[in-house]
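Enquirer: Below is the structure I would like to discuss, written out as structure tokens.
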Amino acid sequence: MTPPPPGPGPYPISLDTTAFFLLVAVLILFLVMLWYLWVAYPHRKRGLEGYLDAVGIDICFILLGIGILTGLALYDPSGDLTSYALYRTILSGYWLAFAIPIVTVGSSVQARSRGSIRWFAPSIVIDILLFLAIFGYYFLNPG
């Protein structure tokens with residue numbers, strides 16, 4: 001069974017939640033840390049590279065989550081089951097809690113091995129499968 005595309009429905013999709021505000025707060029914190037590093041240590045290239053290596057994947061996932069949630073809330077404040085499952089998948093935090101470390105490890109192993117151990121692409125595949133599993137759970141158990 002393939003879920004229908006997101007659309008109007010009976011499930012409330014709101015950005016006025018603690019979980020959404022936490023995502024935005026963490027993104028702001030990462031950006032403040034980057035700004036402070038840039039200002040306090042202007043000529044420390046290795047420090048900046050280290051920071052971007054460590055936080056780059058986190059920022060990408062958080063931006064993706066915020067983008068999907070914002071798009072859903074603007075598109076249909078009352079969504080169908082697909083919209084609601086996407087919404088819950090991201091707001092529950094389970095997907096991000098697993099996805100970020102998995103891709104971070106895959107990326108780090110590949111970078112440190114100078115590409116000889118190719119773990120980045122498989123870590124992305126694992127994250128997609130995790131996303132689908134959590135989405136499927138919320139799609140089949142909306143209550």
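Residue numbering restarts at 1 for every chain of the structure tokens, chains are lettered A, B, ... in their displayed order, and ligands are numbered from 1 as they appear.
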Could you name the residues that touch region 107-122 of chain A at 9 Å or less, counting only C-alpha atoms, but leaving out those on the same chain fewer than 3 positions away, as an NGL selection string?
Expert: :A and (53-54 or 57 or 102-104 or 125-127)
Enquirer: Just write the chosen residues, N, CA and C atoms, as an mmCIF file, in the first residue's frame.
Expert:
```cif
data_model
loop_
_atom_site.group_PDB
_atom_site.id
_atom_site.type_symbol
_atom_site.label_atom_id
_atom_site.label_comp_id
_atom_site.auth_asym_id
_atom_site.auth_seq_id
_atom_site.Cartn_x
_atom_site.Cartn_y
_atom_site.Cartn_z
ATOM 1 N N ASP A 53 32.735 20.064 10.175
ATOM 2 C CA ASP A 53 32.689 18.597 10.070
ATOM 3 C C ASP A 53 31.725 18.015 11.095
ATOM 4 N N ALA A 54 31.789 18.539 12.305
ATOM 5 C CA ALA A 54 30.981 17.988 13.390
ATOM 6 C C ALA A 54 29.506 18.362 13.275
ATOM 7 N N ILE A 57 26.291 17.928 9.277
ATOM 8 C CA ILE A 57 25.215 16.948 9.066
ATOM 9 C C ILE A 57 24.023 17.274 9.959
ATOM 10 N N ILE A 102 24.021 8.154 12.733
ATOM 11 C CA ILE A 102 24.374 7.170 11.711
ATOM 12 C C ILE A 102 25.093 7.838 10.542
ATOM 13 N N VAL A 103 24.565 8.940 10.064
ATOM 14 C CA VAL A 103 25.215 9.627 8.940
ATOM 15 C C VAL A 103 26.516 10.275 9.389
ATOM 16 N N THR A 104 26.569 10.772 10.600
ATOM 17 C CA THR A 104 27.805 11.369 11.105
ATOM 18 C C THR A 104 28.923 10.332 11.152
ATOM 19 N N VAL A 125 21.305 5.486 3.006
ATOM 20 C CA VAL A 125 20.299 4.450 2.706
ATOM 21 C C VAL A 125 19.664 3.945 4.004
ATOM 22 N N ILE A 126 20.474 3.697 5.020
ATOM 23 C CA ILE A 126 19.953 3.250 6.313
ATOM 24 C C ILE A 126 19.002 4.299 6.893
ATOM 25 N N ASP A 127 19.372 5.575 6.779
ATOM 26 C CA ASP A 127 18.508 6.640 7.292
ATOM 27 C C ASP A 127 17.188 6.712 6.539
#
```
Enquirer: Skipping near chain neighbours, those fewer than 5 positions away, what residues fall within 9 Å of Asp76 (chain A) using only C-alpha atoms, listed as a list in words?
Expert: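 Result of the neighbour search: Pro6, Gly7, Pro8, Gly9, Pro12, Ile13, Gly71 and Ser83 of chain A.
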Enquirer: Please report the interatomic distance between CA of Gly65 (chain A) and CA of Leu96 (chain A) in Å with one decimal.
Expert: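 That distance, rounded to one decimal, is 8.6 Å.
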Enquirer: Could you check the closest approach to Thr2 (chain A) for each of A:Ile90, A:Leu129, A:Leu31, A:Leu140 and tell me which residue wins, using only C-alpha atoms?
Expert: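 Going through A:Ile90, A:Leu129, A:Leu31, A:Leu140 one by one, the smallest distance to Thr2 (chain A) is for A:Leu140.
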Enquirer: Find the spatial neighbours of Leu34 (chain A), counting only C-alpha atoms, within a cut-off of 10 Å - ignore same-chain residues fewer than 5 positions away - and output them as an NGL selection string.
Expert: :A and (28-29 or 39-40 or 48 or 51-52 or 55)
Enquirer: Measuring atom to atom with only C-alpha atoms, identify which of A:Ala73, A:Leu63, A:Leu27, A:Met33 is nearest to Ser14 (chain A).
Expert: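 Of the candidates, the smallest distance to Ser14 (chain A) is held by A:Ala73.
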Enquirer: Taking the chain letters and numbering used in this document, name the residues of chain A that DSSP puts in strand (DSSP E), as a VMD selection string.
Expert: chain A and resid 8 to 12 78 to 79
Enquirer: So which residues touch Ile134 (chain A) within 12 Å, counting only C-alpha atoms, skipping near sequence neighbours fewer than 4 positions away, as a VMD selection string?
Expert: chain A and resid 85 to 99 127 to 130 138 to 142
Enquirer: So which residues of chain A fall under alpha helix (DSSP H) by DSSP, listed as a PyMOL selection string?
Expert: chain A and resi 18-40+45-75+81-91+94-112+120-140
Enquirer: CA of Cys60 (chain A) to CA of Asp80 (chain A): how many Å, to one decimal?
Expert: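 Computing the Euclidean distance for CA of Cys60 (chain A) and CA of Asp80 (chain A) yields 26.4 Å.
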Enquirer: Which of these residues is nearest to Leu22 (chain A), using only C-alpha atoms: A:Ile66, A:Leu72, A:Glu49, A:Met1?
Expert: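 Result for the nearest residue to Leu22 (chain A): A:Ile66.
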